[in-house]
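Note sheet for the following structure.
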Amino acid sequence: MNFKNFKFYLNTALFVCLFMFQGIKTFSQEKEKELTEPRVMQPGKNGKAPSDAIILFDKGSLDNFESIKDGAPANWKVRGRKFTVTPGTTDIQTKQAFGDCQLHIEWSTPVKDVKAKKEGQGCGNSGVYLMGKYEIQVLNSYNNKTYFNGQAGAIYSKFPPLVNASLKPGKWQAYDIIFTAPTYTNSILKTPGYFTVFHNGVLVQNHKEIGAPTTSANKNAPEGVSKLPLMLQNHGNEVSYRNVWIREL
Ligand code: MG
């Protein structure tokens, strides 16, 4: 190759590189234009609610809940910063409907169930129903055997938890639930719903696809919608709840 040819090839290579660089730069600028800047918010500390959460229960009253039966005020027992399932009353639900969300809820199963030698599904049973339809089981699963897809952290009757992260009855435990609601077009399922669940900070359900409603779902919950109230189950055991907040996604 003589010097003239070398100069020609060098100039061509430089031109191609410059062209490619401009192309990449323009592409990334265009891509950036499609993104929106993440909203600034304040995270909560030690399980407390982040600044953009809807507080469903903090203390004092169950004003954000109602009976599922007739919309009457939720009449579970409230004591300070906790509320407790009251046997003989109904399931309760939020007044507001939710779809895609991040839910934090703390719960504690009663020691007196253990003292009364209740066992299996009869010991500390309650449940957190997203959209009133899909239950994450609440149960005393500390030294209390039952069917695997019915223990604490299970998507009831469908998926057992990945591990049993249960604490003793009387201790406060936490669920952090990421829920993607199913979507519909003209009442026909378009995309399925999904659950990811942490129990006491441990992953117990990893992006599990939800199908039909779990058993004991709210039978009045309509089909083909993507937002419905959150329901808490009265299974006759005096399970307590506290620090309930939700972030719509
Ligand atoms: Mg239950």
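Identifiers in the structure tokens: chain A, B, ... in order shown; residue index from 1 per chain; ligand index from 1 in order shown.
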
* Asked: Using the chain letters and numbers from this document, which residues of stretch 4-236 of chain A does DSSP assign to alpha helix (DSSP H), as a VMD selection string?
  -> chain A and resid 4 to 34 111 to 115

* Distance filter 7 Å around ligand 1, atoms: only C-alpha atoms and all ligand atoms, out as a PyMOL selection string -> chain A and resi 125-127+137-139+233+235

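Atom CA of A:Ser51 lies 20.9 Å from atom CA of A:Lys95.
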
* Rank A:Ser226, A:Ser67, A:Thr12, A:Thr146 by their smallest atom-to-atom distance to A:Pro192, using only C-alpha atoms, and report the top residue only. =>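 With only C-alpha atoms as the atom set, the closest residue is A:Ser226.
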
* Who sits within 6 Å of A:Ser108, only C-alpha atoms, same chain under 2 positions skipped, as a ChimeraX atom specification -> /A:170-172,239-240

Export of the given selection (C-alpha atoms) as a CSV table (one decimal), in the first residue's frame:
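Full text of part38.csv as output:
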```csv
chain,number,residue,atom,x,y,z
A,170,GLY,CA,-47.6,-13.2,69.6
A,171,LYS,CA,-44.7,-11.8,67.6
A,172,TRP,CA,-45.3,-9.2,65.0
A,239,VAL,CA,-55.4,-12.3,64.6
A,240,SER,CA,-54.1,-8.7,65.0
```

Return as JSON lines the residues of stretch 59-130 of chain A lying at most 12 Å from stretch 200-213 of chain A, together with the closest atom-to-atom pair for each and the distance in Å to one decimal, counting only C-alpha atoms, with rows in chain order and ascending residue number.
```
{"residue": "A:His104", "atom": "CA", "partner": "A:Asn200", "partner_atom": "CA", "distance": 10.6}
{"residue": "A:Ile105", "atom": "CA", "partner": "A:Asn200", "partner_atom": "CA", "distance": 10.4}
{"residue": "A:Glu106", "atom": "CA", "partner": "A:Asn200", "partner_atom": "CA", "distance": 9.1}
{"residue": "A:Trp107", "atom": "CA", "partner": "A:Asn200", "partner_atom": "CA", "distance": 10.4}
{"residue": "A:Ser108", "atom": "CA", "partner": "A:Asn200", "partner_atom": "CA", "distance": 11.8}
{"residue": "A:Tyr129", "atom": "CA", "partner": "A:Pro213", "partner_atom": "CA", "distance": 9.6}
{"residue": "A:Leu130", "atom": "CA", "partner": "A:Pro213", "partner_atom": "CA", "distance": 9.9}
```

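Put simply, atom CA of A:Lys77 is 10.3 Å away from atom CA of A:Gly60.
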